[in-house]
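Structure data (compact mmCIF, C-alpha atoms and all ligand atoms) from work.txt:
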```txt
# COMPACT_ATOMS: atom_id res chain seq x y z
CA MET D 19 10.82 232.08 156.43
CA ALA D 20 10.34 228.39 157.28
CA ARG D 21 13.05 226.19 155.76
CA VAL D 22 10.47 224.17 153.84
CA SER D 23 9.60 227.35 151.90
CA THR D 24 13.13 227.68 150.53
CA VAL D 25 14.45 226.19 147.33
CA GLU D 26 17.61 225.15 149.19
CA PHE D 27 15.58 222.81 151.40
CA TRP D 28 14.17 220.98 148.35
CA GLU D 29 17.46 220.93 146.43
CA GLY D 30 18.99 219.31 149.52
CA LEU D 31 16.38 216.55 149.46
CA TYR D 32 16.91 215.91 145.74
CA ALA D 33 20.70 215.91 146.15
CA GLY D 34 20.69 213.66 149.19
CA GLY D 35 18.24 211.00 148.01
CA GLY D 36 15.56 212.41 150.31
CA ASP D 37 12.94 212.33 147.57
CA GLY D 38 10.82 209.60 149.12
CA TRP D 39 7.79 210.91 147.22
CA GLU D 40 9.24 209.86 143.85
CA LEU D 41 6.95 207.39 142.05
CA GLY D 42 8.84 207.06 138.77
CA GLY D 43 5.58 207.45 136.84
CA PRO D 44 2.22 209.19 136.98
CA ALA D 45 0.10 208.88 140.12
CA PRO D 46 -2.42 206.01 139.78
CA PRO D 47 -5.38 208.15 141.01
CA LEU D 48 -4.66 210.67 138.23
CA VAL D 49 -4.36 207.98 135.56
CA ASP D 50 -7.59 206.31 136.67
CA PHE D 51 -9.53 209.56 136.78
CA VAL D 52 -8.33 210.98 133.47
CA THR D 53 -8.72 207.74 131.54
CA THR D 54 -12.31 207.21 132.78
CA THR D 55 -13.78 210.70 133.31
CA PRO D 56 -11.38 213.20 131.72
CA PRO D 57 -11.82 216.86 132.64
CA PRO D 58 -12.26 219.13 129.59
CA GLN D 59 -9.15 219.66 127.47
CA GLY D 60 -7.30 222.95 127.77
CA ARG D 61 -4.43 224.64 129.60
CA VAL D 62 -3.50 222.84 132.80
CA ALA D 63 -1.12 223.90 135.58
CA VAL D 64 0.82 221.36 137.63
CA PRO D 65 2.34 223.19 140.63
CA GLY D 66 5.25 221.55 142.44
CA CYS D 67 5.66 219.13 139.54
CA GLY D 68 8.89 217.47 140.68
CA ARG D 69 10.25 215.28 137.88
CA GLY D 70 7.06 215.86 135.93
CA HIS D 71 5.58 212.37 135.63
CA ASP D 72 2.01 213.64 136.06
CA ALA D 73 2.69 216.59 133.73
CA ARG D 74 3.96 214.26 130.98
CA PHE D 75 0.98 211.97 131.43
CA LEU D 76 -1.44 214.90 131.09
CA ALA D 77 0.42 216.21 128.03
CA ALA D 78 0.24 212.76 126.44
CA GLN D 79 -3.54 212.85 127.02
CA GLY D 80 -3.74 216.06 124.96
CA TYR D 81 -3.70 218.74 127.67
CA ASP D 82 -1.64 221.91 127.19
CA VAL D 83 0.48 221.58 130.34
CA THR D 84 2.54 224.12 132.26
CA ALA D 85 4.47 222.49 135.09
CA ILE D 86 6.02 224.60 137.81
CA ASP D 87 8.77 223.83 140.30
CA PHE D 88 11.55 225.94 141.83
CA SER D 89 14.09 223.13 142.08
CA THR D 90 16.82 222.98 139.42
CA ALA D 91 17.36 219.28 140.11
CA ALA D 92 13.67 218.51 139.63
CA LEU D 93 13.28 220.51 136.45
CA THR D 94 16.52 219.31 134.87
CA ALA D 95 15.23 215.75 135.25
CA ALA D 96 11.70 216.72 134.20
CA ARG D 97 12.89 218.35 130.98
CA ALA D 98 15.08 215.37 130.09
CA LEU D 99 12.20 212.94 130.67
CA ALA D 100 9.84 215.02 128.52
CA ARG D 101 12.44 215.00 125.72
CA ARG D 102 12.87 211.24 126.12
CA ASP D 103 9.11 210.69 125.86
CA LYS D 104 8.73 213.28 123.07
CA VAL D 105 5.93 215.08 124.91
CA SER D 106 5.55 218.81 125.00
CA VAL D 107 5.33 220.39 128.45
CA THR D 108 6.10 224.01 129.32
CA PHE D 109 8.28 223.97 132.43
CA GLU D 110 8.59 227.08 134.57
CA GLN D 111 11.31 227.23 137.19
CA ARG D 112 10.00 229.62 139.79
CA ASP D 113 8.39 229.93 143.19
CA LEU D 114 4.76 229.01 142.62
CA PHE D 115 3.66 231.80 144.96
CA THR D 116 4.71 234.28 142.24
CA LEU D 117 2.31 232.81 139.65
CA PRO D 118 -0.55 235.28 140.20
CA GLN D 119 1.70 238.09 138.98
CA SER D 120 1.89 236.65 135.47
CA HIS D 121 -0.73 233.90 135.15
CA ALA D 122 -4.05 235.34 136.29
CA ARG D 123 -6.87 233.24 134.75
CA ALA D 124 -4.28 231.59 132.51
CA PHE D 125 -5.47 228.03 133.09
CA ASP D 126 -8.60 225.97 132.44
CA GLY D 127 -7.59 223.51 135.09
CA VAL D 128 -5.04 222.52 137.69
CA TRP D 129 -3.74 219.18 138.90
CA GLU D 130 -2.68 219.22 142.55
CA TYR D 131 -0.70 216.32 143.96
CA THR D 132 1.76 216.41 146.85
CA CYS D 133 2.28 220.15 146.57
CA TYR D 134 -0.38 221.15 149.10
CA CYS D 135 1.24 218.82 151.64
CA ALA D 136 4.76 219.99 150.76
CA ILE D 137 4.38 223.66 151.52
CA ASP D 138 4.40 225.24 154.96
CA PRO D 139 0.89 224.50 156.37
CA ARG D 140 0.65 228.14 157.42
CA ARG D 141 0.72 229.03 153.70
CA ARG D 142 -2.14 226.77 152.63
CA ARG D 143 -4.67 229.55 152.37
CA GLU D 144 -2.18 231.55 150.30
CA TYR D 145 -1.61 228.49 148.09
CA VAL D 146 -5.33 228.01 147.45
CA ASP D 147 -5.52 231.69 146.63
CA VAL D 148 -2.77 231.20 144.02
CA LEU D 149 -4.92 228.46 142.47
CA ARG D 150 -7.99 230.71 142.60
CA VAL D 151 -6.16 233.45 140.70
CA ILE D 152 -4.54 231.29 138.02
CA VAL D 153 -7.63 229.16 137.17
CA ARG D 154 -10.30 230.93 135.16
CA PRO D 155 -13.85 231.08 136.59
CA GLY D 156 -15.63 227.88 135.56
CA GLY D 157 -12.31 226.04 135.35
CA TRP D 158 -11.51 222.89 137.29
CA LEU D 159 -9.28 221.76 140.09
CA LEU D 160 -8.46 218.09 140.29
CA GLY D 161 -6.56 217.25 143.43
CA CYS D 162 -5.45 214.14 145.20
CA PHE D 163 -4.83 215.16 148.79
CA PHE D 164 -2.33 213.20 150.88
CA PRO D 165 -1.58 212.23 153.67
CA LEU D 166 -4.82 211.90 155.60
CA ARG D 167 -2.77 210.47 158.44
CA ALA D 168 0.78 211.60 159.14
CA GLN D 169 3.72 209.30 159.68
CA THR D 170 6.33 212.04 160.11
CA ALA D 171 6.38 215.63 161.29
CA GLY D 172 6.47 216.66 157.62
CA PRO D 173 6.81 217.34 154.84
CA PRO D 174 4.49 215.80 153.87
CA PHE D 175 2.35 217.76 156.31
CA LYS D 176 -0.90 216.02 157.07
CA VAL D 177 -4.19 217.02 155.51
CA SER D 178 -7.80 216.44 156.50
CA MET D 179 -10.99 216.39 154.48
CA SER D 180 -12.64 219.01 156.67
CA GLU D 181 -9.65 221.35 156.33
CA ILE D 182 -9.57 220.95 152.54
CA ARG D 183 -13.31 221.64 152.31
CA ARG D 184 -12.77 224.77 154.39
CA MET D 185 -9.73 225.91 152.39
CA LEU D 186 -11.28 225.40 148.96
CA ALA D 187 -14.49 227.30 149.73
CA PRO D 188 -15.66 229.67 148.45
CA ALA D 189 -13.24 229.91 145.48
CA PHE D 190 -13.78 226.26 144.50
CA ARG D 191 -17.03 224.28 144.75
CA ILE D 192 -16.45 220.56 145.30
CA GLU D 193 -18.34 218.44 142.74
CA ARG D 194 -16.90 215.01 143.49
CA ALA D 195 -14.84 213.70 146.38
CA PHE D 196 -13.88 210.09 147.02
CA PRO D 197 -11.03 207.84 148.12
CA PRO D 198 -9.13 206.73 145.01
CA LEU D 199 -9.38 203.02 144.23
CA ARG D 200 -5.70 202.70 143.42
CA SER D 201 -2.94 204.36 145.44
CA VAL D 202 0.71 203.37 145.56
CA ARG D 203 1.92 201.23 148.44
CA GLY D 204 2.01 203.21 151.67
CA ARG D 205 -0.58 205.71 150.46
CA GLN D 206 -3.61 203.40 150.39
CA GLY D 207 -6.40 204.76 152.55
CA ARG D 208 -4.51 208.01 153.05
CA GLU D 209 -5.54 209.85 149.87
CA TRP D 210 -8.63 211.84 148.98
CA MET D 211 -9.52 212.73 145.41
CA VAL D 212 -11.41 215.95 144.75
CA LEU D 213 -12.86 217.50 141.58
CA ALA D 214 -13.87 221.11 142.20
CA ARG D 215 -15.14 223.95 140.05
CA ARG D 216 -13.72 227.48 140.21
CA THR D 217 -16.69 229.66 141.16
C1 LIG D 301 6.87 216.40 147.61
S1 LIG D 301 7.51 216.99 146.09
C2 LIG D 301 6.28 216.36 144.95
C3 LIG D 301 6.67 216.41 143.50
C4 LIG D 301 5.62 215.86 142.54
N1 LIG D 301 4.35 216.51 142.70
C5 LIG D 301 5.49 214.37 142.70
O1 LIG D 301 4.42 213.90 143.14
O2 LIG D 301 6.46 213.66 142.37
C6 LIG D 301 7.13 218.74 146.18
C7 LIG D 301 7.71 219.53 145.06
O3 LIG D 301 7.26 220.87 145.19
C8 LIG D 301 8.33 221.75 144.93
N2 LIG D 301 8.03 223.00 145.67
C9 LIG D 301 7.84 223.14 147.01
N3 LIG D 301 7.57 224.42 147.30
C10 LIG D 301 7.57 225.11 146.11
C11 LIG D 301 7.37 226.46 145.76
N4 LIG D 301 7.08 227.39 146.69
N5 LIG D 301 7.45 226.81 144.46
C12 LIG D 301 7.74 225.88 143.50
N6 LIG D 301 7.94 224.57 143.78
C13 LIG D 301 7.86 224.18 145.07
C14 LIG D 301 9.56 221.02 145.40
O4 LIG D 301 10.73 221.48 144.78
C15 LIG D 301 9.23 219.59 145.03
O5 LIG D 301 9.71 219.25 143.76
```

What does the file become when written as structure tokens?
Amino acid sequence: MARVSTVEFWEGLYAGGGDGWELGGPAPPLVDFVTTTPPPQGRVAVPGCGRGHDARFLAAQGYDVTAIDFSTAALTAARALARRDKVSVTFEQRDLFTLPQSHARAFDGVWEYTCYCAIDPRRRREYVDVLRVIVRPGGWLLGCFFPLRAQTAGPPFKVSMSEIRRMLAPAFRIERAFPPLRSVRGRQGREWMVLARRT
């Protein structure tokens, strides 16, 4: 198994200050989208949630959020932050690739951010299949895909619009796709926002 697929790899990054993805708050493209054109309320999965900033934001907006990560360091912090903010999020510490076993059609929607680019690129099709299984037909996938251009060998592993279109079809039909207006420094021009419908 590739090292990036192991929990030890990610615990090592958290322990050694290698968490360069940490924003300290919800991702601006998510905030902008949900505050202007919110997807329907319901049960939402946040795979690879890290410290849970996006999960807490979605919960504060009224969504019933389940956030998944296999790192103890990430989820310990995420739980403490949710307590601090008095928001209710269900955290599940597990390998997200096991979700289909227990969560088939369990969600009305999913928020994808920096999980797709974090996993072994050879597992992307498997990852999209996890999303297909856990989101009910007619449900939504909101994703902000990053990085459109790579600066390192990865993770994050680079993404492309054509590859994402190919990966999502036919399980998800893209309804909107656009570059977000607001990205954090270093991610401007390298992100692609997608709203897709589970077919
Ligand atoms: C690049 S970080 C992004 C975290 C968060 N989405 C953010 O934007 O702050 C990727 C996260 O995915 C988690 N992760 C990677 N592979 C996973 C897997 N197979 N199952 C569960 N979590 C995983 C890592 O532990 C890490 O917290």

Go through chain D and flag each residue having an atom no more than 7 Å from ligand LIG 301 (chain D); for those, report the closest pair of atoms plus their distance in Å to one decimal, using only C-alpha atoms and all ligand atoms, ordered by chain and rising number, as CSV.
```
residue,atom,partner,partner_atom,distance
D:Ser23,CA,D:LIG301,N4,5.8
D:Val25,CA,D:LIG301,O4,6.5
D:Trp28,CA,D:LIG301,O4,5.0
D:Glu29,CA,D:LIG301,O4,7.0
D:Trp39,CA,D:LIG301,C1,5.6
D:Glu40,CA,D:LIG301,O2,4.9
D:Leu41,CA,D:LIG301,O2,6.3
D:Pro65,CA,D:LIG301,N6,6.6
D:Gly66,CA,D:LIG301,O3,3.5
D:Cys67,CA,D:LIG301,N1,4.3
D:Gly68,CA,D:LIG301,O5,3.7
D:Arg69,CA,D:LIG301,O2,6.1
D:Gly70,CA,D:LIG301,C4,6.8
D:His71,CA,D:LIG301,O2,6.9
D:Ile86,CA,D:LIG301,C12,6.1
D:Asp87,CA,D:LIG301,N6,3.7
D:Phe88,CA,D:LIG301,C12,4.2
D:Ser89,CA,D:LIG301,O4,4.6
D:Ala92,CA,D:LIG301,O5,5.8
D:Arg112,CA,D:LIG301,C12,5.7
D:Asp113,CA,D:LIG301,N5,3.5
D:Leu114,CA,D:LIG301,N5,3.9
D:Phe115,CA,D:LIG301,N4,5.8
D:Tyr131,CA,D:LIG301,N1,5.2
D:Thr132,CA,D:LIG301,N1,4.9
D:Cys133,CA,D:LIG301,C6,5.1
D:Ala136,CA,D:LIG301,C1,5.2
D:Ile137,CA,D:LIG301,N3,5.3
D:Pro174,CA,D:LIG301,C1,6.7
```

Neighbour residues at most 10 Å from (-11.6, 225.8, 149.8) (only C-alpha atoms) as a JSON list (two decimals) with C-alpha atoms, in the coordinates of the input:
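As a result, selection_0.json now contains:
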```json
[["chain", "number", "residue", "atom", "x", "y", "z"],
["D", 142, "ARG", "CA", -2.14, 226.77, 152.63],
["D", 143, "ARG", "CA", -4.67, 229.55, 152.37],
["D", 146, "VAL", "CA", -5.33, 228.01, 147.45],
["D", 147, "ASP", "CA", -5.52, 231.69, 146.63],
["D", 150, "ARG", "CA", -7.99, 230.71, 142.60],
["D", 180, "SER", "CA", -12.64, 219.01, 156.67],
["D", 181, "GLU", "CA", -9.65, 221.35, 156.33],
["D", 182, "ILE", "CA", -9.57, 220.95, 152.54],
["D", 183, "ARG", "CA", -13.31, 221.64, 152.31],
["D", 184, "ARG", "CA", -12.77, 224.77, 154.39],
["D", 185, "MET", "CA", -9.73, 225.91, 152.39],
["D", 186, "LEU", "CA", -11.28, 225.40, 148.96],
["D", 187, "ALA", "CA", -14.49, 227.30, 149.73],
["D", 188, "PRO", "CA", -15.66, 229.67, 148.45],
["D", 189, "ALA", "CA", -13.24, 229.91, 145.48],
["D", 190, "PHE", "CA", -13.78, 226.26, 144.50],
["D", 191, "ARG", "CA", -17.03, 224.28, 144.75],
["D", 192, "ILE", "CA", -16.45, 220.56, 145.30],
["D", 214, "ALA", "CA", -13.87, 221.11, 142.20],
["D", 216, "ARG", "CA", -13.72, 227.48, 140.21]]
```

Counting only C-alpha atoms, which of D:Phe175, D:Val22, D:Leu159, D:Tyr32 gets nearest to Val64 (chain D)?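 Of D:Phe175, D:Val22, D:Leu159, D:Tyr32, the one nearest Val64 (chain D) is D:Leu159, counting only C-alpha atoms.
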
Excluding region 42-48 of chain D and any residue of its chain fewer than 4 positions from it, enumerate the residues within 7 Å of it, using only C-alpha atoms, and give them as a VMD selection string. chain D and resid 52 71 to 72 75 198 200 to 201

Atomic separation - CA of Gln79 (chain D) relative to CA of Thr55 (chain D), Å: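 Separation of CA of Thr55 (chain D) and CA of Gln79 (chain D): 12.2 Å.
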
Distance CA of Ser120 (chain D)-CA of Ala85 (chain D), one decimal place? 14.4 Å

Using all atoms listed in the file, which of D:Glu209, D:Asp37, D:Asp126, D:Asp82 sits nearest Ser106 (chain D)?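 Smallest separation from Ser106 (chain D) among the options: D:Asp82.
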
Separation of CA of Pro58 (chain D) from CA of Asp103 (chain D), in Å and rounded to one decimal: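 For CA of Pro58 (chain D) relative to CA of Asp103 (chain D), the distance reads 23.3 Å.
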
With 8 Å on each side, where is the centre of the axis-aligned box around all listed atoms of region 156-163 of chain D, and how long are its edges in Å to one decimal, as JSON?
```
{"center_x": -10.2, "center_y": 221.0, "center_z": 142.1, "size_x": 26.8, "size_y": 29.7, "size_z": 29.4}
```

Here is a test: counting all atoms listed in the file, which residue of D:Gly60, D:Gly161, D:Gly35, D:Gly80 is nearest to Cys135 (chain D)?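 Of D:Gly60, D:Gly161, D:Gly35, D:Gly80, the one nearest Cys135 (chain D), counting all atoms listed in the file, is D:Gly161.
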
Shortest interatomic distance to Leu76 (chain D) - which of D:Gly127, D:Gly36, D:Pro118, D:Pro173, counting only C-alpha atoms: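 Of all the options, D:Gly127 lies closest to Leu76 (chain D).
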
Proximity to Phe196 (chain D) - best of D:Val153, D:Ala168, D:Arg141, D:Phe51, all atoms listed in the file: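 Checking each candidate against Phe196 (chain D), we get D:Phe51 as the closest.
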
Kindly indicate which residue among D:His121, D:Pro139, D:Asp50, D:Gly30 lies nearest to Thr90 (chain D), using all atoms listed in the file for the distances.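 When distances to Thr90 (chain D) are compared using all atoms listed in the file, the smallest one comes from D:Gly30.
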